[in-house]
file query_17.cif (mmCIF, C-alpha atoms)
data_entry
loop_
_atom_site.group_PDB
_atom_site.id
_atom_site.type_symbol
_atom_site.label_atom_id
_atom_site.label_comp_id
_atom_site.auth_asym_id
_atom_site.auth_seq_id
_atom_site.Cartn_x
_atom_site.Cartn_y
_atom_site.Cartn_z
ATOM 1 C CA MET A 1 -23.042 12.859 7.929
ATOM 2 C CA LYS A 2 -23.078 10.961 4.657
ATOM 3 C CA TYR A 3 -20.911 7.837 4.539
ATOM 4 C CA LEU A 4 -19.927 6.028 1.353
ATOM 5 C CA PHE A 5 -19.080 2.365 2.037
ATOM 6 C CA VAL A 6 -16.942 0.792 -0.679
ATOM 7 C CA PHE A 7 -16.963 -2.972 -1.287
ATOM 8 C CA ASN A 8 -15.028 -4.981 -3.833
ATOM 9 C CA PRO A 9 -17.313 -7.742 -5.183
ATOM 10 C CA LYS A 10 -14.302 -9.387 -6.882
ATOM 11 C CA ALA A 11 -12.337 -9.751 -3.643
ATOM 12 C CA LYS A 12 -11.724 -13.298 -2.416
ATOM 13 C CA ARG A 13 -13.361 -12.750 0.984
ATOM 14 C CA TYR A 14 -16.333 -10.701 -0.216
ATOM 15 C CA ASN A 15 -19.802 -12.111 0.301
ATOM 16 C CA PRO A 16 -23.216 -10.401 0.237
ATOM 17 C CA ALA A 17 -24.155 -11.564 3.732
ATOM 18 C CA ALA A 18 -21.072 -9.921 5.240
ATOM 19 C CA GLU A 19 -21.876 -6.714 3.354
ATOM 20 C CA VAL A 20 -25.403 -6.616 4.800
ATOM 21 C CA ALA A 21 -24.092 -7.288 8.308
ATOM 22 C CA ILE A 22 -21.486 -4.511 8.120
ATOM 23 C CA VAL A 23 -23.933 -1.953 6.709
ATOM 24 C CA THR A 24 -26.454 -2.855 9.427
ATOM 25 C CA GLN A 25 -23.791 -2.411 12.095
ATOM 26 C CA ALA A 26 -22.765 0.901 10.534
ATOM 27 C CA ALA A 27 -26.297 2.291 10.637
ATOM 28 C CA ASP A 28 -26.468 1.495 14.347
ATOM 29 C CA ILE A 29 -22.958 2.544 15.432
ATOM 30 C CA LEU A 30 -22.588 5.641 13.244
ATOM 31 C CA GLN A 31 -26.183 6.677 13.929
ATOM 32 C CA SER A 32 -26.553 7.966 10.413
ATOM 33 C CA PRO A 33 -29.504 7.395 8.068
ATOM 34 C CA ASP A 34 -27.315 8.461 5.162
ATOM 35 C CA ILE A 35 -25.170 5.452 4.282
ATOM 36 C CA VAL A 36 -24.518 4.759 0.613
ATOM 37 C CA VAL A 37 -23.082 1.456 -0.626
ATOM 38 C CA ALA A 38 -20.754 1.542 -3.630
ATOM 39 C CA TYR A 39 -18.684 -1.049 -5.471
ATOM 40 C CA THR A 40 -15.326 -1.003 -7.169
ATOM 41 C CA VAL A 41 -15.658 -1.179 -10.943
ATOM 42 C CA PRO A 42 -13.073 -1.670 -13.715
ATOM 43 C CA GLN A 43 -12.314 1.383 -15.828
ATOM 44 C CA PRO A 44 -10.138 0.585 -18.868
ATOM 45 C CA GLU A 45 -7.626 3.349 -19.539
ATOM 46 C CA GLY A 46 -5.396 2.840 -22.569
ATOM 47 C CA PRO A 47 -3.412 -0.409 -22.262
ATOM 48 C CA THR A 48 -3.992 -0.660 -18.494
ATOM 49 C CA LEU A 49 -7.001 -1.502 -16.357
ATOM 50 C CA ARG A 50 -7.815 0.912 -13.560
ATOM 51 C CA TYR A 51 -10.496 0.483 -10.914
ATOM 52 C CA GLY A 52 -12.798 3.234 -9.739
ATOM 53 C CA ILE A 53 -15.756 3.519 -7.386
ATOM 54 C CA GLU A 54 -19.269 3.240 -8.672
ATOM 55 C CA VAL A 55 -21.419 6.356 -7.994
ATOM 56 C CA LEU A 56 -18.548 8.421 -6.568
ATOM 57 C CA ASP A 57 -19.030 10.910 -9.394
ATOM 58 C CA GLN A 58 -22.670 11.150 -8.334
ATOM 59 C CA TYR A 59 -22.180 11.507 -4.586
ATOM 60 C CA GLY A 60 -18.574 12.669 -4.254
ATOM 61 C CA GLN A 61 -19.096 16.322 -3.426
ATOM 62 C CA ASP A 62 -21.726 15.491 -0.789
ATOM 63 C CA VAL A 63 -19.866 12.652 0.938
ATOM 64 C CA ASP A 64 -18.418 13.339 4.388
ATOM 65 C CA CYS A 65 -16.493 10.080 4.771
ATOM 66 C CA VAL A 66 -15.462 7.174 2.536
ATOM 67 C CA VAL A 67 -15.085 3.769 4.184
ATOM 68 C CA ALA A 68 -13.149 1.029 2.367
ATOM 69 C CA VAL A 69 -14.204 -2.470 3.402
ATOM 70 C CA GLY A 70 -11.511 -4.922 2.346
ATOM 71 C CA GLY A 71 -7.792 -5.428 1.979
ATOM 72 C CA ASP A 72 -4.999 -3.393 0.462
ATOM 73 C CA GLY A 73 -6.483 -3.526 -3.026
ATOM 74 C CA THR A 74 -9.838 -2.050 -2.000
ATOM 75 C CA VAL A 75 -8.205 0.605 0.189
ATOM 76 C CA ASN A 76 -5.924 1.519 -2.711
ATOM 77 C CA ILE A 77 -8.898 1.949 -5.057
ATOM 78 C CA ALA A 78 -10.711 4.157 -2.547
ATOM 79 C CA ALA A 79 -7.674 6.339 -1.851
ATOM 80 C CA SER A 80 -6.887 6.684 -5.562
ATOM 81 C CA ALA A 81 -10.460 7.712 -6.314
ATOM 82 C CA LEU A 82 -10.356 10.386 -3.600
ATOM 83 C CA MET A 83 -7.245 11.801 -5.234
ATOM 84 C CA ARG A 84 -8.665 11.749 -8.765
ATOM 85 C CA TYR A 85 -11.836 13.515 -7.670
ATOM 86 C CA GLY A 86 -9.927 16.117 -5.646
ATOM 87 C CA LEU A 87 -11.550 15.025 -2.379
ATOM 88 C CA ALA A 88 -8.491 13.802 -0.453
ATOM 89 C CA SER A 89 -7.923 17.026 1.486
ATOM 90 C CA ARG A 90 -11.550 17.180 2.665
ATOM 91 C CA VAL A 91 -13.000 13.664 2.886
ATOM 92 C CA PRO A 92 -11.397 11.280 5.403
ATOM 93 C CA LEU A 93 -10.863 7.613 4.604
ATOM 94 C CA GLY A 94 -11.955 4.960 7.068
ATOM 95 C CA VAL A 95 -10.972 1.307 6.771
ATOM 96 C CA ILE A 96 -12.681 -1.882 7.869
ATOM 97 C CA PRO A 97 -9.974 -4.512 7.254
ATOM 98 C CA TYR A 98 -11.639 -7.437 5.552
ATOM 99 C CA GLY A 99 -9.091 -8.714 3.075
ATOM 100 C CA THR A 100 -6.200 -11.135 2.864
ATOM 101 C CA GLY A 101 -3.704 -8.327 3.412
ATOM 102 C CA ASN A 102 -3.722 -4.887 4.915
ATOM 103 C CA ASN A 103 -0.517 -2.931 5.449
ATOM 104 C CA LEU A 104 -2.296 -0.381 7.615
ATOM 105 C CA VAL A 105 -3.476 -2.781 10.325
ATOM 106 C CA ARG A 106 -0.213 -3.164 12.202
ATOM 107 C CA SER A 107 1.291 0.155 11.213
ATOM 108 C CA PHE A 108 -1.656 2.150 12.606
ATOM 109 C CA LYS A 109 -3.216 -0.427 14.948
ATOM 110 C CA LEU A 110 -6.452 -0.568 12.960
ATOM 111 C CA LYS A 111 -9.189 -2.810 14.325
ATOM 112 C CA ARG A 112 -10.019 -5.943 12.334
ATOM 113 C CA ASP A 113 -13.306 -6.484 14.144
ATOM 114 C CA SER A 114 -15.964 -4.533 12.224
ATOM 115 C CA VAL A 115 -17.713 -3.241 15.342
ATOM 116 C CA ARG A 116 -14.490 -1.833 16.806
ATOM 117 C CA ALA A 117 -13.478 -0.476 13.405
ATOM 118 C CA LEU A 118 -16.808 1.349 13.082
ATOM 119 C CA ARG A 119 -16.381 2.862 16.543
ATOM 120 C CA THR A 120 -12.987 4.172 15.415
ATOM 121 C CA ILE A 121 -14.604 5.679 12.307
ATOM 122 C CA ARG A 122 -17.320 7.313 14.440
ATOM 123 C CA ARG A 123 -14.658 9.114 16.517
ATOM 124 C CA MET A 124 -13.159 10.514 13.267
ATOM 125 C CA HIS A 125 -9.592 10.904 14.546
ATOM 126 C CA THR A 126 -7.353 11.305 11.485
ATOM 127 C CA VAL A 127 -3.689 11.381 10.547
ATOM 128 C CA ASN A 128 -2.160 12.396 7.246
ATOM 129 C CA LEU A 129 -0.626 9.651 5.116
ATOM 130 C CA ASP A 130 1.299 10.260 1.902
ATOM 131 C CA ILE A 131 -0.055 8.782 -1.305
ATOM 132 C CA GLY A 132 2.219 7.996 -4.227
ATOM 133 C CA VAL A 133 1.932 7.933 -7.975
ATOM 134 C CA ILE A 134 3.808 5.582 -10.290
ATOM 135 C CA ASN A 135 3.825 6.474 -13.969
ATOM 136 C CA ARG A 136 0.714 8.621 -13.382
ATOM 137 C CA GLN A 137 -1.145 5.833 -11.555
ATOM 138 C CA TYR A 138 -2.000 6.471 -7.906
ATOM 139 C CA TYR A 139 -1.224 3.915 -5.237
ATOM 140 C CA PHE A 140 -1.741 4.271 -1.522
ATOM 141 C CA VAL A 141 0.921 2.816 0.745
ATOM 142 C CA ASN A 142 3.822 0.764 -0.607
ATOM 143 C CA THR A 143 5.319 -0.245 -3.928
ATOM 144 C CA SER A 144 8.191 -2.545 -4.819
ATOM 145 C CA PHE A 145 10.148 -4.154 -7.618
ATOM 146 C CA GLY A 146 12.258 -7.294 -7.849
ATOM 147 C CA LEU A 147 11.475 -10.403 -5.814
ATOM 148 C CA PHE A 148 8.294 -9.153 -4.109
ATOM 149 C CA ALA A 149 6.742 -7.993 -7.367
ATOM 150 C CA TYR A 150 7.692 -11.329 -8.919
ATOM 151 C CA LEU A 151 6.093 -13.272 -6.050
ATOM 152 C CA VAL A 152 2.820 -11.298 -5.834
ATOM 153 C CA PRO A 153 1.041 -13.096 -8.720
ATOM 154 C CA ARG A 154 2.654 -16.424 -7.748
ATOM 155 C CA ARG A 155 1.986 -16.580 -4.004
ATOM 156 C CA VAL A 156 0.154 -19.588 -2.624
ATOM 157 C CA THR A 157 -0.230 -18.419 0.997
ATOM 158 C CA LYS A 158 -0.670 -15.123 2.861
ATOM 159 C CA SER A 159 1.121 -15.848 6.146
ATOM 160 C CA LEU A 160 4.573 -15.013 7.476
ATOM 161 C CA ALA A 161 5.629 -18.610 6.910
ATOM 162 C CA GLY A 162 4.093 -18.277 3.466
ATOM 163 C CA TRP A 163 6.434 -15.429 2.546
ATOM 164 C CA ILE A 164 9.376 -17.636 3.471
ATOM 165 C CA TYR A 165 7.925 -20.647 1.652
ATOM 166 C CA ASP A 166 7.209 -18.671 -1.522
ATOM 167 C CA GLY A 167 10.647 -17.101 -1.380
ATOM 168 C CA LEU A 168 12.289 -20.517 -1.117
ATOM 169 C CA ARG A 169 10.175 -21.851 -3.986
ATOM 170 C CA HIS A 170 11.608 -19.121 -6.183
ATOM 171 C CA ILE A 171 15.076 -19.065 -4.684
ATOM 172 C CA ARG A 172 16.623 -18.977 -8.156
ATOM 173 C CA PHE A 173 14.798 -15.803 -9.174
ATOM 174 C CA VAL A 174 17.250 -13.635 -11.111
ATOM 175 C CA PRO A 175 16.486 -9.905 -11.178
ATOM 176 C CA SER A 176 17.378 -7.725 -14.128
ATOM 177 C CA ALA A 177 19.978 -4.983 -13.728
ATOM 178 C CA ALA A 178 18.631 -1.462 -13.312
ATOM 179 C CA ARG A 179 19.849 2.086 -12.869
ATOM 180 C CA ILE A 180 18.217 4.110 -10.131
ATOM 181 C CA ARG A 181 17.919 7.887 -9.967
ATOM 182 C CA TYR A 182 16.344 9.611 -7.001
ATOM 183 C CA VAL A 183 15.801 13.009 -5.438
ATOM 184 C CA ASP A 184 16.838 12.886 -1.795
ATOM 185 C CA ALA A 185 15.323 14.683 1.181
ATOM 186 C CA ALA A 186 17.507 17.747 0.505
ATOM 187 C CA GLY A 187 16.377 17.976 -3.120
ATOM 188 C CA ARG A 188 19.614 16.654 -4.639
ATOM 189 C CA MET A 189 19.568 14.298 -7.619
ATOM 190 C CA VAL A 190 21.501 11.075 -6.984
ATOM 191 C CA GLU A 191 22.192 8.353 -9.551
ATOM 192 C CA LEU A 192 23.229 4.821 -8.638
ATOM 193 C CA PRO A 193 25.221 2.648 -11.072
ATOM 194 C CA PRO A 194 23.531 -0.357 -12.710
ATOM 195 C CA GLN A 195 22.992 -3.147 -10.206
ATOM 196 C CA CYS A 196 20.882 -6.281 -9.928
ATOM 197 C CA TYR A 197 18.496 -5.591 -7.032
ATOM 198 C CA MET A 198 16.902 -8.628 -5.438
ATOM 199 C CA VAL A 199 14.550 -6.318 -3.522
ATOM 200 C CA GLY A 200 13.607 -2.694 -4.027
ATOM 201 C CA ALA A 201 10.815 -1.204 -1.919
ATOM 202 C CA LEU A 202 9.393 2.286 -1.429
ATOM 203 C CA LEU A 203 7.544 2.324 1.870
ATOM 204 C CA ASN A 204 5.255 4.728 3.715
ATOM 205 C CA THR A 205 4.350 2.386 6.575
ATOM 206 C CA SER A 206 6.499 0.379 8.935
ATOM 207 C CA TYR A 207 5.006 -2.917 7.797
ATOM 208 C CA TYR A 208 4.983 -4.375 4.310
ATOM 209 C CA GLY A 209 2.645 -7.153 3.221
ATOM 210 C CA SER A 210 0.833 -6.820 6.576
ATOM 211 C CA ILE A 211 3.530 -8.908 8.259
ATOM 212 C CA LEU A 212 7.074 -7.917 7.266
ATOM 213 C CA HIS A 213 8.504 -5.222 9.548
ATOM 214 C CA MET A 214 10.678 -3.783 6.783
ATOM 215 C CA ALA A 215 10.705 -0.099 7.714
ATOM 216 C CA PRO A 216 10.606 0.328 11.508
ATOM 217 C CA ASP A 217 11.482 4.037 11.211
ATOM 218 C CA ALA A 218 9.049 4.932 8.408
ATOM 219 C CA VAL A 219 7.216 8.258 8.721
ATOM 220 C CA GLY A 220 3.980 8.250 6.795
ATOM 221 C CA ASP A 221 3.425 11.978 6.373
ATOM 222 C CA ASP A 222 6.877 13.456 5.676
ATOM 223 C CA GLY A 223 6.543 13.659 1.887
ATOM 224 C CA LEU A 224 9.294 11.050 1.509
ATOM 225 C CA PHE A 225 9.543 7.351 0.760
ATOM 226 C CA ASP A 226 11.595 5.016 2.904
ATOM 227 C CA VAL A 227 13.585 3.274 0.164
ATOM 228 C CA LYS A 228 15.011 -0.179 0.873
ATOM 229 C CA LEU A 229 17.384 -1.827 -1.618
ATOM 230 C CA ILE A 230 19.031 -5.250 -1.426
ATOM 231 C CA ARG A 231 21.537 -6.095 -4.152
ATOM 232 C CA ALA A 232 21.515 -9.627 -5.522
ATOM 233 C CA GLY A 233 24.171 -11.974 -4.164
ATOM 234 C CA PRO A 234 25.077 -15.657 -4.005
ATOM 235 C CA LEU A 235 22.575 -18.219 -2.730
ATOM 236 C CA ARG A 236 24.522 -18.607 0.503
ATOM 237 C CA ASP A 237 23.429 -15.064 1.424
ATOM 238 C CA TYR A 238 19.753 -15.933 1.084
ATOM 239 C CA PRO A 239 19.089 -16.685 4.798
ATOM 240 C CA LEU A 240 20.622 -13.331 5.753
ATOM 241 C CA MET A 241 18.540 -11.545 3.108
ATOM 242 C CA MET A 242 15.353 -13.142 4.469
ATOM 243 C CA THR A 243 16.324 -12.083 8.001
ATOM 244 C CA ILE A 244 16.764 -8.502 6.834
ATOM 245 C CA ILE A 245 13.401 -8.518 5.054
ATOM 246 C CA LEU A 246 11.598 -9.942 8.083
ATOM 247 C CA THR A 247 13.160 -7.595 10.634
ATOM 248 C CA GLY A 248 14.081 -4.419 8.751
ATOM 249 C CA ARG A 249 17.682 -4.622 10.042
ATOM 250 C CA TYR A 250 19.413 -3.473 6.872
ATOM 251 C CA GLN A 251 22.653 -2.800 8.698
ATOM 252 C CA LEU A 252 23.308 -6.545 8.789
ATOM 253 C CA SER A 253 24.648 -6.639 5.231
ATOM 254 C CA PRO A 254 26.786 -4.382 3.024
ATOM 255 C CA ARG A 255 24.554 -5.414 0.107
ATOM 256 C CA THR A 256 21.724 -3.248 1.438
ATOM 257 C CA MET A 257 20.972 0.426 1.127
ATOM 258 C CA THR A 258 18.317 2.482 2.859
ATOM 259 C CA PHE A 259 17.492 6.153 2.342
ATOM 260 C CA ARG A 260 14.585 8.573 2.044
ATOM 261 C CA ALA A 261 13.589 10.069 -1.291
ATOM 262 C CA ARG A 262 11.032 12.470 -2.718
ATOM 263 C CA GLN A 263 11.105 10.870 -6.129
ATOM 264 C CA LEU A 264 12.676 7.759 -7.599
ATOM 265 C CA GLU A 265 13.140 6.378 -11.101
ATOM 266 C CA VAL A 266 13.899 2.755 -11.938
ATOM 267 C CA LEU A 267 15.478 2.245 -15.364
ATOM 268 C CA PRO A 268 15.812 -1.525 -15.934
ATOM 269 C CA ASP A 269 17.853 -3.167 -18.670
ATOM 270 C CA ASN A 270 15.032 -5.684 -19.225
ATOM 271 C CA PRO A 271 11.340 -5.750 -18.257
ATOM 272 C CA CYS A 272 11.144 -5.548 -14.486
ATOM 273 C CA PRO A 273 8.058 -6.554 -12.435
ATOM 274 C CA PHE A 274 6.526 -3.878 -10.195
ATOM 275 C CA GLU A 275 3.667 -4.086 -7.715
ATOM 276 C CA THR A 276 1.641 -1.563 -5.740
ATOM 277 C CA ASP A 277 -0.067 -2.485 -2.492
ATOM 278 C CA GLY A 278 -0.010 -6.169 -3.366
ATOM 279 C CA ASP A 279 -1.234 -5.893 -6.963
ATOM 280 C CA ALA A 280 1.048 -6.429 -9.939
ATOM 281 C CA ILE A 281 1.034 -3.636 -12.527
ATOM 282 C CA PRO A 282 1.692 -4.060 -16.264
ATOM 283 C CA LEU A 283 5.345 -4.265 -17.308
ATOM 284 C CA GLN A 284 6.676 -0.907 -18.472
ATOM 285 C CA PRO A 285 10.038 0.244 -19.890
ATOM 286 C CA ASP A 286 10.804 2.304 -16.787
ATOM 287 C CA TYR A 287 9.106 3.574 -13.657
ATOM 288 C CA ARG A 288 8.892 7.000 -12.025
ATOM 289 C CA VAL A 289 7.539 7.102 -8.470
ATOM 290 C CA GLU A 290 6.790 10.268 -6.499
ATOM 291 C CA ILE A 291 4.621 11.603 -3.702
ATOM 292 C CA ALA A 292 1.327 12.908 -5.099
ATOM 293 C CA GLY A 293 -0.396 14.236 -1.984
ATOM 294 C CA ARG A 294 -1.911 13.129 1.303
ATOM 295 C CA ILE A 295 -4.939 11.206 2.472
ATOM 296 C CA LYS A 296 -6.752 11.874 5.771
ATOM 297 C CA LEU A 297 -6.754 8.380 7.281
ATOM 298 C CA ILE A 298 -9.037 7.577 10.221
ATOM 299 C CA VAL A 299 -7.109 5.709 12.929
ATOM 300 C CA PRO A 300 -7.522 4.849 16.616
ATOM 301 C CA ARG A 301 -6.295 7.628 18.850
ATOM 302 C CA GLN A 302 -2.800 6.830 20.126
ATOM 303 C CA LYS A 303 -0.233 8.683 22.198
ATOM 304 C CA THR A 304 1.981 8.573 19.096
ATOM 305 C CA VAL A 305 0.309 7.792 15.786
ATOM 306 C CA SER A 306 3.130 8.152 13.271
ATOM 307 C CA ALA A 307 4.288 4.966 11.570
ATOM 308 C CA ALA A 308 7.781 5.548 12.954
ATOM 309 C CA SER A 309 6.662 4.781 16.485
ATOM 310 C CA LEU A 310 4.818 1.573 15.749
#

call {"tool": "encode", "arguments": {"input": "query_17.cif", "output": "structure tokens"}}
result
Amino acid sequence: MKYLFVFNPKAKRYNPAAEVAIVTQAADILQSPDIVVAYTVPQPEGPTLRYGIEVLDQYGQDVDCVVAVGGDGTVNIAASALMRYGLASRVPLGVIPYGTGNNLVRSFKLKRDSVRALRTIRRMHTVNLDIGVINRQYYFVNTSFGLFAYLVPRRVTKSLAGWIYDGLRHIRFVPSAARIRYVDAAGRMVELPPQCYMVGALLNTSYYGSILHMAPDAVGDDGLFDVKLIRAGPLRDYPLMMTIILTGRYQLSPRTMTFRARQLEVLPDNPCPFETDGDAIPLQPDYRVEIAGRIKLIVPRQKTVSAASL
């Protein structure tokens, strides 16, 4: 089998020595002489900057497995490239978590230790996981607008306490009003009146930001997003809002709404920050999010492997 290992040289935790160690381990554990190392590279596209994978156009049709070594950003780049090259239905995606955040770790019990992760990849047990597209840009797992998207470029820590600390630092964040239109699971178009949403999230895994258990009932391969909305309220409601975000218990407040959707549009009155898998995207007049397809994700074999059960 031919494996393509993808590293992000711009990632905070990347270092050449770790790359050599992981590739050496892979050659031993996967027992394959055909391991290719590739790097994420910027690919300007109009006003936005997209990242691709070096040499994928050269090796893509011959690759049997792509392995992303890194956090959510690197995994996102790898998954997006598989979609753009039409390889997602054939080439499975393995992950060696090596970044500051990885939404898949808890949701699918991925192994952080590289040796154990490589053993999982060798067994090649896969599940399907939906991949989304926002304004024609692929993203892999989760996307959000409002407070989270505002915090992403301003965060100073990556821990659970850090989410709370960063939220308190920006406690006076004021979201812009937005209309939301979505297509529900039955194919019906629903439009919500203009509201100021403190949090809006479209989730395909039970965990968000690696730590927040926002969508305990998420199903990753049903062709639907788990949509979580929290309307803005007075500051006295902030502790309750944080509790809801941390636990996923949206029934605690009448200011919340949760539903599943095939497609969703956000039409803000003013520029509204959006992020995908922990990376902020350029401000745009409006946003259209929909399911674009599925990725074959390599995971440890479990009795129940859907995100809903984790």

call {"tool": "residues_around", "arguments": {"input": "query_17.cif", "residues": "A:Arg288", "least_positions_apart": "3", "cutoff": "6 Å", "atoms": "all atoms listed in the file", "output": "list in words"}}
result
Ile134, Asn135, Leu264 and Glu265 of chain A

call {"tool": "resolve_selection", "arguments": {"input": "query_17.cif", "expression": "the PyMOL selection byres ((chain A and resi 252-257) around 7)", "output": "PDB file with C-alpha atoms, keeping the file's coordinate frame"}}
result
ATOM      1  CA  LYS A 228      15.011  -0.179   0.873  1.00  0.00           C
ATOM      2  CA  LEU A 229      17.384  -1.827  -1.618  1.00  0.00           C
ATOM      3  CA  ILE A 230      19.031  -5.250  -1.426  1.00  0.00           C
ATOM      4  CA  ARG A 231      21.537  -6.095  -4.152  1.00  0.00           C
ATOM      5  CA  ARG A 249      17.682  -4.622  10.042  1.00  0.00           C
ATOM      6  CA  TYR A 250      19.413  -3.473   6.872  1.00  0.00           C
ATOM      7  CA  GLN A 251      22.653  -2.800   8.698  1.00  0.00           C
ATOM      8  CA  THR A 258      18.317   2.482   2.859  1.00  0.00           C
ATOM      9  CA  PHE A 259      17.492   6.153   2.342  1.00  0.00           C
TER      10      PHE A 259
END

call {"tool": "closest_residue", "arguments": {"input": "query_17.cif", "among": "A:Pro33, A:Gly233, A:Gly86, A:Gly52", "to": "A:Phe173", "atoms": "all atoms listed in the file"}}
result
A:Gly233

call {"tool": "resolve_selection", "arguments": {"input": "query_17.cif", "expression": "the PyMOL selection byres ((chain A and resi 110) around 10)", "output": "PyMOL selection string"}}
result
chain A and resi 94-97+102-109+111-113+116-117+120+298-300

call {"tool": "write_last_selection", "arguments": {"input": "query_17.cif", "atoms": "C-alpha atoms", "output": "JSON list (two decimals), in the frame of the given file"}}
result
[["chain", "number", "residue", "atom", "x", "y", "z"],
["A", 94, "GLY", "CA", -11.96, 4.96, 7.07],
["A", 95, "VAL", "CA", -10.97, 1.31, 6.77],
["A", 96, "ILE", "CA", -12.68, -1.88, 7.87],
["A", 97, "PRO", "CA", -9.97, -4.51, 7.25],
["A", 102, "ASN", "CA", -3.72, -4.89, 4.92],
["A", 103, "ASN", "CA", -0.52, -2.93, 5.45],
["A", 104, "LEU", "CA", -2.30, -0.38, 7.62],
["A", 105, "VAL", "CA", -3.48, -2.78, 10.32],
["A", 106, "ARG", "CA", -0.21, -3.16, 12.20],
["A", 107, "SER", "CA", 1.29, 0.16, 11.21],
["A", 108, "PHE", "CA", -1.66, 2.15, 12.61],
["A", 109, "LYS", "CA", -3.22, -0.43, 14.95],
["A", 111, "LYS", "CA", -9.19, -2.81, 14.32],
["A", 112, "ARG", "CA", -10.02, -5.94, 12.33],
["A", 113, "ASP", "CA", -13.31, -6.48, 14.14],
["A", 116, "ARG", "CA", -14.49, -1.83, 16.81],
["A", 117, "ALA", "CA", -13.48, -0.48, 13.40],
["A", 120, "THR", "CA", -12.99, 4.17, 15.42],
["A", 298, "ILE", "CA", -9.04, 7.58, 10.22],
["A", 299, "VAL", "CA", -7.11, 5.71, 12.93],
["A", 300, "PRO", "CA", -7.52, 4.85, 16.62]]

call {"tool": "residues_around", "arguments": {"input": "query_17.cif", "residues": "stretch 38-42 of chain A", "least_positions_apart": "3", "cutoff": "12 Å", "atoms": "all atoms listed in the file", "output": "PyMOL selection string"}}
result
chain A and resi 3-11+14+16+19+23+35+45+48-60+66-70+73-81

call {"tool": "write_last_selection", "arguments": {"input": "query_17.cif", "atoms": "C-alpha atoms", "output": "PDB file, in the coordinates of the input"}}
result
ATOM      1  CA  TYR A   3     -20.911   7.837   4.539  1.00  0.00           C
ATOM      2  CA  LEU A   4     -19.927   6.028   1.353  1.00  0.00           C
ATOM      3  CA  PHE A   5     -19.080   2.365   2.037  1.00  0.00           C
ATOM      4  CA  VAL A   6     -16.942   0.792  -0.679  1.00  0.00           C
ATOM      5  CA  PHE A   7     -16.963  -2.972  -1.287  1.00  0.00           C
ATOM      6  CA  ASN A   8     -15.028  -4.981  -3.833  1.00  0.00           C
ATOM      7  CA  PRO A   9     -17.313  -7.742  -5.183  1.00  0.00           C
ATOM      8  CA  LYS A  10     -14.302  -9.387  -6.882  1.00  0.00           C
ATOM      9  CA  ALA A  11     -12.337  -9.751  -3.643  1.00  0.00           C
ATOM     10  CA  TYR A  14     -16.333 -10.701  -0.216  1.00  0.00           C
ATOM     11  CA  PRO A  16     -23.216 -10.401   0.237  1.00  0.00           C
ATOM     12  CA  GLU A  19     -21.876  -6.714   3.354  1.00  0.00           C
ATOM     13  CA  VAL A  23     -23.933  -1.953   6.709  1.00  0.00           C
ATOM     14  CA  ILE A  35     -25.170   5.452   4.282  1.00  0.00           C
ATOM     15  CA  GLU A  45      -7.626   3.349 -19.539  1.00  0.00           C
ATOM     16  CA  THR A  48      -3.992  -0.660 -18.494  1.00  0.00           C
ATOM     17  CA  LEU A  49      -7.001  -1.502 -16.357  1.00  0.00           C
ATOM     18  CA  ARG A  50      -7.815   0.912 -13.560  1.00  0.00           C
ATOM     19  CA  TYR A  51     -10.496   0.483 -10.914  1.00  0.00           C
ATOM     20  CA  GLY A  52     -12.798   3.234  -9.739  1.00  0.00           C
ATOM     21  CA  ILE A  53     -15.756   3.519  -7.386  1.00  0.00           C
ATOM     22  CA  GLU A  54     -19.269   3.240  -8.672  1.00  0.00           C
ATOM     23  CA  VAL A  55     -21.419   6.356  -7.994  1.00  0.00           C
ATOM     24  CA  LEU A  56     -18.548   8.421  -6.568  1.00  0.00           C
ATOM     25  CA  ASP A  57     -19.030  10.910  -9.394  1.00  0.00           C
ATOM     26  CA  GLN A  58     -22.670  11.150  -8.334  1.00  0.00           C
ATOM     27  CA  TYR A  59     -22.180  11.507  -4.586  1.00  0.00           C
ATOM     28  CA  GLY A  60     -18.574  12.669  -4.254  1.00  0.00           C
ATOM     29  CA  VAL A  66     -15.462   7.174   2.536  1.00  0.00           C
ATOM     30  CA  VAL A  67     -15.085   3.769   4.184  1.00  0.00           C
ATOM     31  CA  ALA A  68     -13.149   1.029   2.367  1.00  0.00           C
ATOM     32  CA  VAL A  69     -14.204  -2.470   3.402  1.00  0.00           C
ATOM     33  CA  GLY A  70     -11.511  -4.922   2.346  1.00  0.00           C
ATOM     34  CA  GLY A  73      -6.483  -3.526  -3.026  1.00  0.00           C
ATOM     35  CA  THR A  74      -9.838  -2.050  -2.000  1.00  0.00           C
ATOM     36  CA  VAL A  75      -8.205   0.605   0.189  1.00  0.00           C
ATOM     37  CA  ASN A  76      -5.924   1.519  -2.711  1.00  0.00           C
ATOM     38  CA  ILE A  77      -8.898   1.949  -5.057  1.00  0.00           C
ATOM     39  CA  ALA A  78     -10.711   4.157  -2.547  1.00  0.00           C
ATOM     40  CA  ALA A  79      -7.674   6.339  -1.851  1.00  0.00           C
ATOM     41  CA  SER A  80      -6.887   6.684  -5.562  1.00  0.00           C
ATOM     42  CA  ALA A  81     -10.460   7.712  -6.314  1.00  0.00           C
TER      43      ALA A  81
END

call {"tool": "resolve_selection", "arguments": {"input": "query_17.cif", "expression": "the PyMOL selection byres ((chain A and resi 214-218) around 6)", "output": "list in words"}}
result
Thr205, Ser206, Tyr207, Leu212, His213, Val219, Ile245, Thr247, Gly248, Ala307 and Ala308 of chain A

call {"tool": "residues_around", "arguments": {"input": "query_17.cif", "residues": "A:Val133", "least_positions_apart": "3", "cutoff": "7 Å", "atoms": "only C-alpha atoms", "output": "PyMOL selection string"}}
result
chain A and resi 136-139+289-292

call {"tool": "residues_near_point", "arguments": {"input": "query_17.cif", "point": "(17.9, 8.6, -11.7)", "cutoff": "8 Å", "atoms": "only C-alpha atoms", "output": "PyMOL selection string"}}
result
chain A and resi 179-183+189-192+264-267
